[in-house]
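These notes are about the structure you will find just below.
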There are 4 protein chains.
Amino acid sequence: MNVLLDLCVVPIGVGISVSKYIAACERIINEAGLKHEMHMYGTNIEGEWDDVMAAVKKCHQVVHEMGAPRISTTIRLGTRVDKTQTMEDKLKSVKKKLSNNVSD
Amino acid sequence: MNVLLDLCVVPIGVGISVSKYIAACERIINEAGLKHEMHMYGTNIEGEWDDVMAAVKKCHQVVHEMGAPRISTTIRLGTRVDKTQTMEDKLKSVKKKLSNNVSD
Amino acid sequence: MNVLLDLCVVPIGVGISVSKYIAACERIINEAGLKHEMHMYGTNIEGEWDDVMAAVKKCHQVVHEMGAPRISTTIRLGTRVDKTQTMEDKLKSVKKKLSNNVSD
Amino acid sequence: MNVLLDLCVVPIGVGISVSKYIAACERIINEAGLKHEMHMYGTNIEGEWDDVMAAVKKCHQVVHEMGAPRISTTIRLGTRVDKTQTMEDKLKSVKKKLSNNVSD
């Protein structure tokens with residue numbers, strides 16, 4: 001089962017700057033060989049369910065090891081069985097409608 | 001690693017009423033032996049990371065088998081290593097402050 | 001436009017215990033006269049869009065005034081125009097299917 | 001109060017393809033003059049709280065007018081009072097740590 005996932009990890013109890021923890025998560029996702037793309041409020045990830053979820057778990061483990069006593073993460077995740085849809089497909093579909101000015 | 005998770009599964013492409021799919025997820029979580037509590041916009045679940053995530057995966061598999069071609073799920077999940085905190089602990093902590101009218 | 005909303009406010013940069021901030025939000029929502037119900041990972045709120053959103057904004061303002069330099073909030077929100085649905089309706093619909101053991 | 005918001009609108013009851021509704025939301029956000037950037041699972045938006053929230057409300061109104069009987073939206077939103085942080089700042093902060101290979 002392929003999944004498109006959007007991950008936002010928020011370490012709590014380590015002060016106001018959290019970017020080094022987010023950078024660590026980026027490295028984990030990258031080393032897992034998963035297709036991914038960071039944005040301003042999370043990271044898009046694409047891959048097999050088990051591979052993606054293993055990377056999410058490793059993010060929690062590593063961020064705790066780095067010293068964060070508490071983590072609050074939010075995830076959006078989509079699966080579909082009618083067709084295979086990549087991250088690019090999903091964006092392209094909206095952008096096509098925007099450029100064609102199709103509103104209905 | 002213990003996790004407190006809040007799960008909201010949204011089946012897409014099956015019309016406007018989705019309660020039978022949510023009921024199926026409730027059964028899956030219950031049969032997994034996980035502590036859980038449904039609310040108006042999701043379900044609180046408590047348990048070991050792998051057990052909870054296995055239940056989330058099974059929800060997607062079963063909802064697809066029931067006929068939903070597409071699913072968009074949102075998850076909040078919290079882990080902490082400073083202490084063990086149950087679902088009840090978390091609520092109690094806020095309720096105590098409310099009843100004591102402690103505002104600072 | 002009526003809205004069913006699920007609010008989770010996470011103050012950042014105030015240490016590991018955040019319950020007093022959550023309690024402050026509960027008071028704000030309560031004083032706004034909105035129907036609401038706290039759960040382990042957020043608070044369900046029901047009301048007119050503008051009233052609910054005004055309460056969410058006030059939560060951010062007050063939590064900042066209490067000393068939190070940074071807040072990361074997550075919201076689920078549902079609207080529908082086919083019928084009026086309360087928090088109770090939504091839960092009842094799933095619970096009925098669970099008790100009847102209706103799986104299709 | 002400036003806000004960084006991540007918006008994901010999911011129309012329900014209109015079948016499996018939802019890209020025309022997402023495109024409509026993109027137009028609304030664009031016409032509101034808000035800085036924004038679409039990604040695979042939502043749209044980053046930056047602006048004054050009231051302006052951003054007015055755009056979110058208009059998205060719901062327009063998507064209902066286009067025929068969606070039900071909408072389930074998820075939002076992440078961040079505010080901070082210690083400094084002004086733009087969408088670019090937030091990304092740059094993580095990317096700098098990644099390129100410097102700073103892990104602690």
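Residues are named by chain letter and number: chains run A, B, ... in the order of the structure tokens, numbers start at 1 in each chain, and ligands are numbered from 1 in the order shown.
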Open item on the list: Based on only C-alpha atoms, which of the residues in chain C come within 6 Å of chain D? I want them as a PyMOL selection string.
Closed with: chain C and resi 69-82
Open item on the list: Using DSSP assignments from the backbone, pull out every residue in chain B that falls under strand (DSSP E or B) and give it to me as an MDAnalysis selection string.
Closed with: chainID B and resid 2:12 35:39 42:48 70:80
Keeping only N, CA, C and O atoms, take the residues you just selected and write them out as a compact mmCIF listing (two decimals), in the first residue's frame.
```txt
# COMPACT_ATOMS: atom_id res chain seq x y z
N ASN B 2 5.74 4.23 24.17
CA ASN B 2 4.30 4.41 24.31
C ASN B 2 3.85 5.65 23.53
O ASN B 2 4.57 6.64 23.45
N VAL B 3 2.67 5.60 22.94
CA VAL B 3 2.20 6.74 22.17
C VAL B 3 0.74 7.05 22.52
O VAL B 3 -0.06 6.15 22.78
N LEU B 4 0.44 8.35 22.59
CA LEU B 4 -0.96 8.80 22.66
C LEU B 4 -1.28 9.35 21.28
O LEU B 4 -0.60 10.26 20.81
N LEU B 5 -2.29 8.80 20.64
CA LEU B 5 -2.57 9.14 19.26
C LEU B 5 -4.04 9.55 19.09
O LEU B 5 -4.92 9.02 19.75
N ASP B 6 -4.27 10.50 18.22
CA ASP B 6 -5.64 10.90 17.90
C ASP B 6 -5.85 10.71 16.41
O ASP B 6 -5.17 11.33 15.58
N LEU B 7 -6.77 9.83 16.07
CA LEU B 7 -6.95 9.38 14.69
C LEU B 7 -8.27 9.86 14.09
O LEU B 7 -9.32 9.73 14.71
N CYS B 8 -8.20 10.41 12.89
CA CYS B 8 -9.41 10.81 12.18
C CYS B 8 -9.32 10.33 10.73
O CYS B 8 -8.52 10.84 9.95
N VAL B 9 -10.10 9.32 10.40
CA VAL B 9 -10.08 8.70 9.07
C VAL B 9 -11.23 9.27 8.23
O VAL B 9 -12.38 9.23 8.65
N VAL B 10 -10.91 9.82 7.05
CA VAL B 10 -11.95 10.38 6.17
C VAL B 10 -11.96 9.64 4.84
O VAL B 10 -11.10 9.86 3.98
N PRO B 11 -12.95 8.75 4.63
CA PRO B 11 -13.07 8.05 3.34
C PRO B 11 -13.58 9.02 2.28
O PRO B 11 -14.47 9.83 2.56
N ILE B 12 -13.01 8.95 1.08
CA ILE B 12 -13.40 9.85 -0.01
C ILE B 12 -13.92 9.03 -1.18
O ILE B 12 -13.36 7.98 -1.51
N LYS B 35 -6.39 0.69 24.39
CA LYS B 35 -7.25 1.62 25.12
C LYS B 35 -7.65 2.72 24.14
O LYS B 35 -6.81 3.26 23.42
N HIS B 36 -8.94 3.04 24.08
CA HIS B 36 -9.37 4.04 23.10
C HIS B 36 -10.66 4.72 23.54
O HIS B 36 -11.39 4.20 24.39
N GLU B 37 -10.91 5.88 22.98
CA GLU B 37 -12.08 6.68 23.36
C GLU B 37 -12.45 7.53 22.16
O GLU B 37 -11.66 8.37 21.72
N MET B 38 -13.64 7.31 21.63
CA MET B 38 -14.09 8.07 20.47
C MET B 38 -14.58 9.45 20.90
O MET B 38 -15.21 9.61 21.95
N HIS B 39 -14.30 10.47 20.07
CA HIS B 39 -14.92 11.78 20.30
C HIS B 39 -15.52 12.26 19.00
O HIS B 39 -15.59 11.50 18.02
N GLY B 42 -12.77 12.30 15.99
CA GLY B 42 -11.65 11.35 15.93
C GLY B 42 -11.71 10.38 17.09
O GLY B 42 -12.73 10.31 17.80
N THR B 43 -10.64 9.65 17.26
CA THR B 43 -10.56 8.64 18.33
C THR B 43 -9.21 8.71 19.01
O THR B 43 -8.18 8.65 18.34
N ASN B 44 -9.21 8.87 20.32
CA ASN B 44 -7.97 8.80 21.11
C ASN B 44 -7.56 7.34 21.28
O ASN B 44 -8.41 6.51 21.62
N ILE B 45 -6.30 7.05 21.07
CA ILE B 45 -5.79 5.70 21.23
C ILE B 45 -4.50 5.76 22.05
O ILE B 45 -3.71 6.68 21.89
N GLU B 46 -4.33 4.76 22.91
CA GLU B 46 -3.10 4.69 23.72
C GLU B 46 -2.51 3.30 23.62
O GLU B 46 -3.22 2.31 23.70
N GLY B 47 -1.19 3.22 23.45
CA GLY B 47 -0.56 1.91 23.40
C GLY B 47 0.88 1.97 22.92
O GLY B 47 1.43 3.05 22.74
N GLU B 48 1.47 0.80 22.73
CA GLU B 48 2.80 0.70 22.16
C GLU B 48 2.79 1.18 20.71
O GLU B 48 1.86 0.88 19.96
N ARG B 70 -10.49 5.99 -1.85
CA ARG B 70 -9.49 6.96 -1.40
C ARG B 70 -9.75 7.31 0.07
O ARG B 70 -10.91 7.42 0.48
N ILE B 71 -8.69 7.49 0.83
CA ILE B 71 -8.81 7.83 2.25
C ILE B 71 -7.84 8.95 2.58
O ILE B 71 -6.69 8.92 2.15
N SER B 72 -8.32 9.94 3.32
CA SER B 72 -7.44 11.01 3.80
C SER B 72 -7.54 11.06 5.32
O SER B 72 -8.57 11.42 5.87
N THR B 73 -6.47 10.67 5.97
CA THR B 73 -6.47 10.52 7.43
C THR B 73 -5.63 11.62 8.07
O THR B 73 -4.63 12.06 7.49
N THR B 74 -6.04 12.08 9.24
CA THR B 74 -5.15 12.96 10.00
C THR B 74 -4.89 12.35 11.37
O THR B 74 -5.78 11.75 11.98
N ILE B 75 -3.66 12.52 11.81
CA ILE B 75 -3.21 11.93 13.07
C ILE B 75 -2.46 12.99 13.87
O ILE B 75 -1.64 13.73 13.34
N ARG B 76 -2.76 13.06 15.17
CA ARG B 76 -1.89 13.76 16.12
C ARG B 76 -1.28 12.67 16.97
O ARG B 76 -2.00 11.77 17.42
N LEU B 77 0.01 12.74 17.23
CA LEU B 77 0.58 11.70 18.08
C LEU B 77 1.66 12.28 18.97
O LEU B 77 2.48 13.09 18.56
N GLY B 78 1.61 11.85 20.21
CA GLY B 78 2.54 12.36 21.21
C GLY B 78 3.31 11.26 21.88
O GLY B 78 2.75 10.23 22.25
N THR B 79 4.62 11.47 22.02
CA THR B 79 5.45 10.56 22.81
C THR B 79 6.21 11.40 23.82
O THR B 79 6.48 12.58 23.60
N ARG B 80 6.57 10.79 24.95
CA ARG B 80 7.42 11.48 25.91
C ARG B 80 8.28 10.48 26.64
O ARG B 80 7.89 9.34 26.88
```
Task: All alpha helix (DSSP H) residues (DSSP, backbone) inside chain A, as a PyMOL selection string - done: chain A and resi 19-31+49-65+87-99
Task: Nearby residues (only C-alpha atoms) at most 10 Å from Met66 in chain D, same-chain spacing under 3 positions excluded, as a list in words - done: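 Contacts, in chain order: Ser103 and Asp104 of chain A; Val14, Lys20, Tyr21, Ala24, His60, Gln61, Val62, Val63 and Pro69 of chain D.
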Convert the current residue selection to file output with N, CA and C atoms, as a PDB file, in the first residue's frame.
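Full text of out_7.pdb as output:
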```
ATOM      1  N   SER A 103     -13.018  26.388 -13.810  1.00  0.00           N
ATOM      2  CA  SER A 103     -13.607  26.545 -12.486  1.00  0.00           C
ATOM      3  C   SER A 103     -14.812  25.635 -12.297  1.00  0.00           C
ATOM      4  N   ASP A 104     -15.110  24.870 -13.306  1.00  0.00           N
ATOM      5  CA  ASP A 104     -16.192  23.909 -13.070  1.00  0.00           C
ATOM      6  C   ASP A 104     -16.023  22.657 -13.920  1.00  0.00           C
TER       7      ASP A 104
ATOM      8  N   VAL D  14     -18.412  14.503  -3.294  1.00  0.00           N
ATOM      9  CA  VAL D  14     -18.335  14.975  -4.683  1.00  0.00           C
ATOM     10  C   VAL D  14     -17.507  14.011  -5.535  1.00  0.00           C
ATOM     11  N   LYS D  20     -10.449  20.287  -8.696  1.00  0.00           N
ATOM     12  CA  LYS D  20     -11.042  21.572  -9.096  1.00  0.00           C
ATOM     13  C   LYS D  20     -11.421  22.421  -7.862  1.00  0.00           C
ATOM     14  N   TYR D  21     -11.744  21.746  -6.771  1.00  0.00           N
ATOM     15  CA  TYR D  21     -12.077  22.487  -5.551  1.00  0.00           C
ATOM     16  C   TYR D  21     -10.809  23.091  -4.932  1.00  0.00           C
ATOM     17  N   ALA D  24      -9.876  26.088  -6.874  1.00  0.00           N
ATOM     18  CA  ALA D  24     -10.716  27.242  -6.495  1.00  0.00           C
ATOM     19  C   ALA D  24     -10.176  27.903  -5.222  1.00  0.00           C
ATOM     20  N   HIS D  60     -14.312  27.689   2.247  1.00  0.00           N
ATOM     21  CA  HIS D  60     -15.444  26.826   2.596  1.00  0.00           C
ATOM     22  C   HIS D  60     -16.720  27.278   1.886  1.00  0.00           C
ATOM     23  N   GLN D  61     -16.959  28.585   1.884  1.00  0.00           N
ATOM     24  CA  GLN D  61     -18.184  29.085   1.238  1.00  0.00           C
ATOM     25  C   GLN D  61     -18.211  28.735  -0.245  1.00  0.00           C
ATOM     26  N   VAL D  62     -17.090  28.973  -0.929  1.00  0.00           N
ATOM     27  CA  VAL D  62     -17.048  28.740  -2.381  1.00  0.00           C
ATOM     28  C   VAL D  62     -17.118  27.248  -2.708  1.00  0.00           C
ATOM     29  N   VAL D  63     -16.415  26.420  -1.951  1.00  0.00           N
ATOM     30  CA  VAL D  63     -16.439  24.973  -2.223  1.00  0.00           C
ATOM     31  C   VAL D  63     -17.854  24.417  -2.004  1.00  0.00           C
ATOM     32  N   PRO D  69     -21.339  19.096  -0.570  1.00  0.00           N
ATOM     33  CA  PRO D  69     -22.264  19.184   0.570  1.00  0.00           C
ATOM     34  C   PRO D  69     -21.547  19.208   1.920  1.00  0.00           C
TER      35      PRO D  69
END
```
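Once Ser99 in chain C and its same-chain neighbours fewer than 3 positions away are set aside, Lys20, Ala23, Ala24, Glu26 and Arg27 of chain B; Lys92, Ser93, Val94, Lys95, Lys96, Val102 and Ser103 of chain C remain within 12 Å of it when counting only C-alpha atoms.
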Residues of the last selection are to be written out with N, CA, C and O atoms, as a tab-separated table (two decimals), in the first residue's frame.
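Ended up saving to out-v8.tsv:
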```tsv
chain	number	residue	atom	x	y	z
B	20	LYS	N	-20.39	4.40	8.74
B	20	LYS	CA	-20.15	2.95	8.79
B	20	LYS	C	-18.65	2.62	8.70
B	20	LYS	O	-18.19	1.64	9.27
B	23	ALA	N	-17.22	3.33	12.13
B	23	ALA	CA	-17.60	2.23	13.03
B	23	ALA	C	-16.67	1.04	12.81
B	23	ALA	O	-16.25	0.37	13.76
B	24	ALA	N	-16.33	0.76	11.56
B	24	ALA	CA	-15.41	-0.35	11.26
B	24	ALA	C	-14.04	-0.10	11.91
B	24	ALA	O	-13.43	-1.02	12.46
B	26	GLU	N	-13.47	1.69	14.58
B	26	GLU	CA	-13.65	1.51	16.02
B	26	GLU	C	-13.52	0.04	16.41
B	26	GLU	O	-12.88	-0.31	17.40
B	27	ARG	N	-14.13	-0.82	15.60
B	27	ARG	CA	-14.05	-2.27	15.87
B	27	ARG	C	-12.61	-2.77	15.79
B	27	ARG	O	-12.17	-3.57	16.61
C	92	LYS	N	-23.54	9.91	17.63
C	92	LYS	CA	-24.66	8.97	17.69
C	92	LYS	C	-24.70	8.10	16.44
C	92	LYS	O	-24.99	6.91	16.50
C	93	SER	N	-24.39	8.70	15.31
C	93	SER	CA	-24.45	8.01	14.04
C	93	SER	C	-23.47	6.83	14.00
C	93	SER	O	-23.81	5.75	13.52
C	94	VAL	N	-22.27	7.04	14.53
C	94	VAL	CA	-21.29	5.94	14.58
C	94	VAL	C	-21.69	4.92	15.64
C	94	VAL	O	-21.64	3.70	15.41
C	95	LYS	N	-22.12	5.41	16.81
C	95	LYS	CA	-22.43	4.48	17.91
C	95	LYS	C	-23.61	3.57	17.57
C	95	LYS	O	-23.64	2.42	17.97
C	96	LYS	N	-24.56	4.11	16.81
C	96	LYS	CA	-25.71	3.29	16.40
C	96	LYS	C	-25.23	2.13	15.53
C	96	LYS	O	-25.64	0.99	15.71
C	102	VAL	N	-23.79	-3.24	12.49
C	102	VAL	CA	-23.98	-3.03	11.05
C	102	VAL	C	-22.60	-2.80	10.43
C	102	VAL	O	-21.90	-1.86	10.82
C	103	SER	N	-22.22	-3.64	9.53
C	103	SER	CA	-20.91	-3.42	8.92
C	103	SER	C	-21.02	-3.09	7.44
C	103	SER	O	-20.03	-2.92	6.75
```
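Pairwise distance (CA of Asp51 in chain B, CA of Tyr41 in chain A) equals 27.8 Å.
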TODO: Can you work out the spacing between CA of Met87 in chain D and CA of Lys58 in chain D in Å, to one decimal?
DONE: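 Between these atoms lies a distance of 22.3 Å.
Here CA of Gln85 in chain D is placed at a distance of 15.2 Å from CA of Leu34 in chain D.
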